>>> print(open('run_0.cif').read())   # mmCIF, C-alpha atoms
data_coords
loop_
_atom_site.label_atom_id
_atom_site.label_comp_id
_atom_site.auth_asym_id
_atom_site.auth_seq_id
_atom_site.Cartn_x
_atom_site.Cartn_y
_atom_site.Cartn_z
CA PHE A 1 13.93 -24.78 11.13
CA ASN A 2 10.60 -26.27 12.05
CA GLY A 3 11.55 -29.78 13.06
CA SER A 4 13.59 -32.11 15.25
CA ILE A 5 17.23 -33.18 14.78
CA SER A 6 17.82 -36.84 15.64
CA LYS A 7 21.50 -37.46 14.80
CA THR A 8 24.45 -35.67 13.19
CA ILE A 9 27.67 -37.33 12.00
CA PHE A 10 30.78 -36.05 10.22
CA ASP A 11 33.14 -37.54 7.63
CA ASP A 12 36.91 -37.08 7.30
CA GLN A 13 36.44 -34.24 4.78
CA GLY A 14 34.46 -32.16 7.25
CA ASN A 15 31.07 -32.82 5.65
CA THR A 16 28.04 -33.05 7.92
CA TYR A 17 25.19 -35.53 7.58
CA GLN A 18 22.04 -35.00 9.61
CA VAL A 19 18.75 -36.88 9.99
CA GLY A 20 15.51 -36.02 11.74
CA SER A 21 11.95 -34.97 11.07
CA PHE A 22 10.32 -31.68 10.07
CA SER A 23 6.96 -30.02 9.67
CA THR A 24 5.69 -27.57 7.08
CA LEU A 25 7.42 -24.32 6.15
CA THR A 26 10.96 -25.59 6.71
CA ASN A 27 13.65 -23.84 4.66
CA PHE A 28 17.42 -23.35 4.66
CA VAL A 29 19.08 -19.95 4.84
CA ASP A 30 19.80 -20.07 1.08
CA GLY A 31 16.06 -20.39 0.40
CA THR A 32 16.13 -24.12 -0.35
CA SER A 33 13.03 -25.88 0.95
CA LEU A 34 12.75 -29.37 2.35
CA ASP A 35 9.56 -29.61 0.26
CA ALA A 36 7.33 -30.45 3.17
CA ASN A 37 4.30 -32.66 2.69
CA TYR A 38 1.37 -30.32 3.18
CA THR A 39 -1.10 -32.79 4.66
CA PRO A 40 -4.46 -31.66 6.09
CA ASP A 41 -3.08 -32.25 9.60
CA ILE A 42 0.13 -30.22 9.97
CA SER A 43 0.96 -32.08 13.19
CA TYR A 44 2.30 -34.92 11.01
CA THR A 45 5.99 -34.83 10.18
CA ASP A 46 8.19 -35.94 7.28
CA ALA A 47 11.69 -37.41 7.58
CA TYR A 48 14.76 -35.69 6.20
CA ILE A 49 18.46 -36.25 5.59
CA ILE A 50 20.86 -33.49 4.55
CA LYS A 51 24.51 -33.11 3.67
CA LEU A 52 26.44 -29.89 4.38
CA ASN A 53 30.02 -29.07 3.49
CA ASP A 54 32.53 -27.75 6.04
CA SER A 55 31.32 -24.17 5.33
CA GLY A 56 27.73 -25.10 6.20
CA GLU A 57 26.51 -24.99 2.60
CA LEU A 58 23.78 -27.44 1.65
CA LEU A 59 25.06 -30.06 -0.80
CA TRP A 60 21.91 -32.18 -1.00
CA SER A 61 18.73 -33.00 0.88
CA LYS A 62 16.23 -35.87 0.66
CA ILE A 63 12.89 -36.41 2.34
CA ILE A 64 10.66 -39.37 3.15
CA THR A 65 6.99 -38.49 3.15
CA GLY A 66 3.52 -39.98 3.60
CA GLU A 67 -0.01 -39.21 4.71
CA LYS A 68 1.00 -39.47 8.38
CA SER A 69 4.30 -39.11 10.26
CA GLN A 70 7.75 -40.26 9.15
CA SER A 71 11.10 -39.76 10.87
CA LEU A 72 14.75 -40.74 10.55
CA ASN A 73 16.14 -41.51 13.98
CA ASP A 74 19.79 -42.50 13.59
CA ILE A 75 22.55 -42.81 11.01
CA LEU A 76 25.96 -44.46 10.57
CA PHE A 77 28.66 -44.82 7.93
CA SER A 78 28.82 -48.16 6.16
CA SER A 79 32.20 -49.66 5.34
CA ASP A 80 32.00 -48.34 1.76
CA GLY A 81 31.60 -44.75 2.97
CA ASN A 82 27.87 -44.52 2.29
CA LEU A 83 25.12 -43.93 4.85
CA ILE A 84 22.69 -46.28 6.59
CA ALA A 85 19.81 -44.72 8.50
CA THR A 86 16.97 -46.12 10.57
CA GLY A 87 13.55 -44.55 10.69
CA TYR A 88 9.86 -45.03 11.28
CA THR A 89 6.65 -44.39 9.39
CA ASP A 90 3.09 -44.35 10.72
CA ASP A 91 1.76 -45.59 7.41
CA ILE A 92 3.05 -45.95 3.83
CA ALA A 93 6.34 -44.07 3.41
CA THR A 94 7.33 -42.70 0.01
CA PHE A 95 11.04 -42.21 -0.66
CA SER A 96 12.68 -39.66 -2.95
CA ASN A 97 13.12 -42.28 -5.68
CA GLY A 98 9.44 -43.23 -5.59
CA ASP A 99 9.89 -46.47 -3.63
CA GLN A 100 7.35 -47.17 -0.93
CA LEU A 101 7.29 -49.34 2.18
CA GLY A 102 5.38 -49.66 5.41
CA SER A 103 1.76 -50.45 6.19
CA GLU A 104 -1.43 -48.58 7.01
CA ASP A 105 -2.10 -51.22 9.67
CA THR A 106 -1.36 -49.45 12.94
CA SER A 107 -0.71 -52.81 14.66
CA THR A 108 2.25 -53.43 12.33
CA GLU A 109 5.74 -52.23 13.19
CA ASN A 110 6.88 -49.83 10.46
CA ASP A 111 10.53 -49.34 11.34
CA PHE A 112 12.83 -49.36 8.32
CA PHE A 113 16.44 -49.13 7.20
CA VAL A 114 17.56 -47.12 4.20
CA LYS A 115 20.97 -46.75 2.56
CA PHE A 116 21.95 -43.46 0.90
CA ASN A 117 24.80 -42.68 -1.45
CA SER A 118 26.89 -40.19 0.53
CA ASN A 119 27.90 -38.24 -2.60
CA SER A 120 24.46 -37.74 -4.12
CA GLY A 121 21.88 -38.75 -1.52
CA ASP A 122 20.45 -41.32 -3.94
CA ILE A 123 18.74 -44.28 -2.26
CA LEU A 124 20.60 -47.56 -2.74
CA TRP A 125 18.08 -49.76 -0.91
CA SER A 126 15.33 -49.60 1.72
CA VAL A 127 13.95 -52.48 3.80
CA THR A 128 11.69 -53.42 6.67
CA THR A 129 11.77 -56.73 8.52
CA GLU A 130 8.95 -58.00 6.33
CA ASP A 131 11.51 -58.11 3.51
CA ASP A 132 13.44 -60.77 5.47
CA PRO A 133 11.33 -63.95 5.80
CA THR A 134 14.02 -65.66 7.93
CA ASN A 135 13.62 -63.11 10.72
CA SER A 136 10.68 -63.85 13.00
CA ASN A 137 11.31 -60.78 15.16
CA ASN A 138 9.87 -57.39 14.29
CA ASN A 139 12.05 -54.58 13.06
CA TRP A 140 11.62 -52.55 16.24
CA ASP A 141 14.07 -54.91 17.91
CA VAL A 142 16.71 -54.18 15.28
CA ALA A 143 16.01 -50.47 15.29
CA SER A 144 16.25 -50.26 19.08
CA SER A 145 19.72 -51.84 18.86
CA PHE A 146 20.95 -49.41 16.19
CA THR A 147 23.18 -47.37 18.51
CA ARG A 148 25.03 -50.51 19.66
CA ASN A 149 26.60 -51.35 16.32
CA ALA A 150 29.84 -52.71 14.88
CA VAL A 151 30.53 -51.88 11.22
CA LEU A 152 32.78 -54.65 9.89
CA SER A 153 35.19 -54.26 6.97
CA ASN A 154 33.36 -56.95 4.94
CA GLY A 155 30.28 -54.72 4.78
CA ASP A 156 28.27 -56.40 7.53
CA VAL A 157 26.89 -54.39 10.43
CA LEU A 158 26.21 -56.12 13.75
CA PHE A 159 23.58 -54.76 16.14
CA PHE A 160 23.67 -55.76 19.81
CA PRO A 161 20.69 -55.83 22.20
CA TYR A 162 20.14 -54.12 25.51
CA TYR A 163 18.37 -56.41 27.94
CA THR A 164 18.11 -56.30 31.73
CA TYR A 165 17.76 -59.79 33.21
CA ASP A 166 19.39 -63.14 32.54
CA PHE A 167 16.05 -64.96 32.31
CA GLN A 168 15.20 -62.92 29.21
CA LEU A 169 17.88 -64.82 27.29
CA GLN A 170 15.64 -67.88 27.51
CA GLN A 171 12.70 -66.00 25.93
CA PRO A 172 13.99 -64.50 22.67
CA ASP A 173 10.46 -64.30 21.23
CA ASN A 174 9.36 -62.02 24.07
CA TYR A 175 12.46 -59.89 24.64
CA ASN A 176 15.04 -58.15 22.50
CA VAL A 177 18.02 -60.40 23.22
CA ASN A 178 19.15 -61.19 19.66
CA ILE A 179 22.22 -60.03 17.79
CA TYR A 180 21.35 -58.97 14.25
CA ARG A 181 23.54 -58.91 11.16
CA LEU A 182 22.82 -56.44 8.36
CA ASN A 183 24.31 -56.99 4.91
CA SER A 184 25.00 -53.40 3.88
CA SER A 185 25.20 -54.26 0.18
CA ASN A 186 21.54 -55.29 -0.10
CA GLY A 187 19.80 -54.64 3.24
CA ASP A 188 19.29 -58.29 4.24
CA ILE A 189 18.86 -58.66 8.02
CA ILE A 190 19.31 -61.98 9.80
CA THR A 191 19.56 -63.12 13.40
CA VAL A 192 23.04 -64.27 14.45
CA GLU A 193 22.80 -67.92 15.43
CA GLY A 194 24.87 -69.64 18.08
CA ASN A 195 25.56 -69.33 21.78
CA VAL A 196 27.26 -65.93 21.97
CA ASP A 197 28.23 -64.80 25.47
CA ILE A 198 27.03 -61.20 25.77
CA PRO A 199 26.43 -59.25 28.98
CA VAL A 200 23.23 -57.54 30.04
CA ARG A 201 22.79 -53.76 29.85
CA ILE A 202 25.30 -53.21 27.06
CA GLN A 203 26.39 -49.58 27.29
CA VAL A 204 28.89 -49.30 24.46
CA VAL A 205 30.29 -51.16 21.44
CA GLU A 206 33.63 -50.28 19.81
CA LEU A 207 35.60 -51.71 16.88
CA ASP A 208 39.36 -51.75 16.19
CA ASP A 209 41.18 -51.80 12.84
CA ASN A 210 41.23 -55.62 12.79
CA ASP A 211 37.46 -56.01 13.17
CA ASN A 212 37.78 -56.99 16.81
CA ILE A 213 34.75 -55.91 18.80
CA TYR A 214 34.80 -54.53 22.36
CA ILE A 215 31.62 -54.51 24.43
CA GLY A 216 31.04 -52.98 27.84
CA GLY A 217 28.12 -54.33 29.85
CA SER A 218 27.03 -55.74 33.20
CA TYR A 219 26.23 -59.06 34.84
CA GLU A 220 23.23 -59.66 37.05
CA ASP A 221 23.99 -61.46 40.32
CA GLY A 222 20.63 -63.22 40.51
CA THR A 223 19.11 -60.67 42.87
CA ASN A 224 18.70 -57.87 40.33
CA ASN A 225 21.99 -56.27 41.34
CA TYR A 226 24.78 -55.35 38.90
CA TYR A 227 27.91 -55.03 41.01
CA THR A 228 29.98 -56.70 38.28
CA SER A 229 30.70 -55.16 34.90
CA SER A 230 32.60 -56.63 32.00
CA LEU A 231 34.72 -55.44 29.11
CA ILE A 232 34.79 -58.22 26.51
CA LYS A 233 36.85 -58.52 23.35
CA TYR A 234 35.44 -60.59 20.47
CA ASP A 235 36.74 -61.40 17.02
CA SER A 236 34.52 -60.66 14.01
CA ASN A 237 32.87 -64.08 14.38
CA LEU A 238 31.92 -63.21 17.97
CA ASN A 239 34.33 -65.62 19.59
CA VAL A 240 35.44 -64.30 22.99
CA LEU A 241 39.15 -63.39 22.99
CA TRP A 242 39.26 -62.08 26.55
CA ASN A 243 36.93 -60.89 29.28
CA MET A 244 38.00 -58.24 31.79
CA VAL A 245 35.79 -58.16 34.88
CA ILE A 246 35.31 -54.90 36.80
CA ASP A 247 33.84 -55.60 40.21
CA ASP A 248 32.37 -53.54 43.03
CA ASN A 249 32.60 -55.72 46.12
CA GLY A 250 29.15 -54.55 47.10
CA SER A 251 30.18 -52.71 50.25
CA GLY A 252 29.05 -49.44 48.70
CA ASN A 253 26.00 -50.99 47.07
CA SER A 254 27.12 -49.45 43.80
CA ASP A 255 26.98 -50.87 40.29
CA ALA A 256 30.21 -51.29 38.37
CA ARG A 257 29.85 -49.92 34.85
CA VAL A 258 31.79 -49.44 31.62
CA SER A 259 30.38 -46.20 30.24
CA ASP A 260 32.39 -45.53 27.09
CA ILE A 261 35.19 -47.00 24.95
CA GLU A 262 37.33 -45.28 22.34
CA TYR A 263 39.85 -47.03 20.09
CA ASP A 264 43.08 -45.17 19.22
CA SER A 265 44.13 -46.54 15.82
CA THR A 266 47.40 -44.58 15.79
CA ASN A 267 48.74 -46.26 18.92
CA ASP A 268 46.54 -49.37 18.91
CA LEU A 269 45.22 -48.50 22.36
CA LEU A 270 41.82 -48.73 23.97
CA TYR A 271 40.58 -45.95 26.28
CA VAL A 272 37.85 -46.97 28.71
CA VAL A 273 35.85 -44.85 31.15
CA GLY A 274 33.34 -45.99 33.73
CA LYS A 275 32.77 -46.28 37.44
#
>>> encode(input="run_0.cif", output="structure tokens")
Amino acid sequence: FNGSISKTIFDDQGNTYQVGSFSTLTNFVDGTSLDANYTPDISYTDAYIIKLNDSGELLWSKIITGEKSQSLNDILFSSDGNLIATGYTDDIATFSNGDQLGSEDTSTENDFFVKFNSNSGDILWSVTTEDDPTNSNNNWDVASSFTRNAVLSNGDVLFFPYYTYDFQLQQPDNYNVNIYRLNSSNGDIITVEGNVDIPVRIQVVELDDNDNIYIGGSYEDGTNNYYTSSLIKYDSNLNVLWNMVIDDNGSGNSDARVSDIEYDSTNDLLYVVGK
């Protein structure tokens, strides 16, 4: 394999879905090729997504190609069981169905979202921020928040920012402090309006079976210290239901931090680790 793996996820049937980028001469053990784009400069990469069954057999593969580099960087399951991936292209990207997006203008952000049918790999939609005239922020902000997501049962996906200082909240045009909502049925991306209380340095986002959202983050004390951490529960409309504060009294000059959260649907319990 002549490439780079970005993310791998698994469904309940044991199937594997993987995204990343690859260069020329990339093949699977059964002889199937990713059909690399043989550009004059072999340093450029193409993006790929593959599905394997629980025996490791290739079920389908799709690529995204162009004159320069393309990559798929992350992937998640939408509420309907299909796949939403985020990626980047250096110029015009061509998808397996012939659709194109992006720009040859190197000053333009060319991050994109694409939804795949999990059974066939067919593309259901693909978008960049330019497809959403209501969003004044560039798509890099949304893409950088992709790992901090909450997939709601109504099909929406919320993406939460990671920012460092409280003053950045007052400058949303200069810093990534917005919460974004993706409509997974058509790819529309909007900024969530309203005064939502979110902490700085969000480490983890988790969802329970009732679409309640749990976020672990920190609070700055005004002197660039983060002795206080917070575990906050929101409903699906981002109303705060409760806020659990985890505090280091500062004697050890150590930050308090929620590092990971896992929801146990069988017992309706929340497991939290941190320091």
>>> resolve_selection(input="run_0.cif", expression="the PyMOL selection byres ((chain A and resi 164) around 10)", output="PyMOL selection string")
chain A and resi 161-163+165-169+175-177+199-202+218-220+224+226
>>> atom_distance(input="run_0.cif", atom1="CA of Met244 (chain A)", atom2="CA of Leu231 (chain A)")
5.1 Å
>>> resolve_selection(input="run_0.cif", expression="the PyMOL selection byres ((chain A and resi 88) around 7)", output="count of residues only")
9
>>> resolve_selection(input="run_0.cif", expression="the PyMOL selection byres ((chain A and resi 257) around 7)", output="PyMOL selection string")
chain A and resi 217-218+229+255-256+258-259+274-275
>>> atom_distance(input="run_0.cif", atom1="CA of Asn174 (chain A)", atom2="CA of Lys7 (chain A)")
28.9 Å
>>> residues_around(input="run_0.cif", residues="Gly14 (chain A)", least_positions_apart="2", cutoff="8 Å", atoms="all atoms listed in the file", output="compact mmCIF listing (two decimals) with C-alpha atoms, in the frame of the given file")
# COMPACT_ATOMS: atom_id res chain seq x y z
CA PHE A 10 30.78 -36.05 10.22
CA ASP A 11 33.14 -37.54 7.63
CA ASP A 12 36.91 -37.08 7.30
CA THR A 16 28.04 -33.05 7.92
CA ASN A 53 30.02 -29.07 3.49
CA ASP A 54 32.53 -27.75 6.04
>>> atom_distance(input="run_0.cif", atom1="CA of Ala143 (chain A)", atom2="CA of Thr86 (chain A)")
6.5 Å
>>> closest_residue(input="run_0.cif", among="A:Thr65, A:Thr228, A:Ser118, A:Asn82", to="Gln100 (chain A)", atoms="all atoms listed in the file")
A:Thr65
>>> residues_around(input="run_0.cif", residues="Leu83 (chain A)", least_positions_apart="6", cutoff="8 Å", atoms="all atoms listed in the file", output="PyMOL selection string")
chain A and resi 75-77+115-118
>>> axis_aligned_box(input="run_0.cif", around="region 159-174 of chain A", padding_each_side="8 Å", output="AutoDock Vina command-line options")
--center_x 16.5 --center_y -61.0 --center_z 24.7 --size_x 30.3 --size_y 29.8 --size_z 33.1
>>> closest_residue(input="run_0.cif", among="A:Ser185, A:Gln13, A:Asn154, A:Ser21", to="Ile84 (chain A)", atoms="only C-alpha atoms")
A:Ser185
>>> closest_residue(input="run_0.cif", among="A:Gln170, A:Thr94, A:Ser126, A:Asn237", to="Val192 (chain A)", atoms="only C-alpha atoms")
A:Asn237
>>> closest_residue(input="run_0.cif", among="A:Leu158, A:Gly102, A:Lys68, A:Ser184", to="Gly81 (chain A)", atoms="only C-alpha atoms")
A:Ser184
>>> residues_around(input="run_0.cif", residues="Asn178 (chain A)", least_positions_apart="4", cutoff="9 Å", atoms="all atoms listed in the file", output="PDB file with C-alpha atoms, in the coordinates of the input")
ATOM      1  CA  ASP A 141      14.070 -54.910  17.910  1.00  0.00           C
ATOM      2  CA  VAL A 142      16.710 -54.180  15.280  1.00  0.00           C
ATOM      3  CA  PHE A 159      23.580 -54.760  16.140  1.00  0.00           C
ATOM      4  CA  PHE A 160      23.670 -55.760  19.810  1.00  0.00           C
ATOM      5  CA  PRO A 161      20.690 -55.830  22.200  1.00  0.00           C
ATOM      6  CA  LEU A 169      17.880 -64.820  27.290  1.00  0.00           C
ATOM      7  CA  PRO A 172      13.990 -64.500  22.670  1.00  0.00           C
ATOM      8  CA  THR A 191      19.560 -63.120  13.400  1.00  0.00           C
ATOM      9  CA  VAL A 192      23.040 -64.270  14.450  1.00  0.00           C
ATOM     10  CA  GLU A 193      22.800 -67.920  15.430  1.00  0.00           C
TER      11      GLU A 193
END
>>> closest_residue(input="run_0.cif", among="A:Tyr214, A:Gly194, A:Trp242, A:Thr147", to="Ala85 (chain A)", atoms="only C-alpha atoms")
A:Thr147
>>> residues_near_point(input="run_0.cif", point="(38.8, -51.3, 15.6)", cutoff="12 Å", atoms="only C-alpha atoms", output="list in words")
Ala150, Val151, Leu152, Ser153, Val205, Glu206, Leu207, Asp208, Asp209, Asn210, Asp211, Asn212, Ile213, Tyr214, Ile215, Lys233, Tyr234, Asp235, Ser236, Ile261, Glu262, Tyr263, Asp264, Ser265, Thr266, Asn267, Asp268, Leu269 and Leu270 of chain A
>>> closest_residue(input="run_0.cif", among="A:Ser79, A:Asp46, A:Asp197, A:Lys51", to="Ile64 (chain A)", atoms="all atoms listed in the file")
A:Asp46
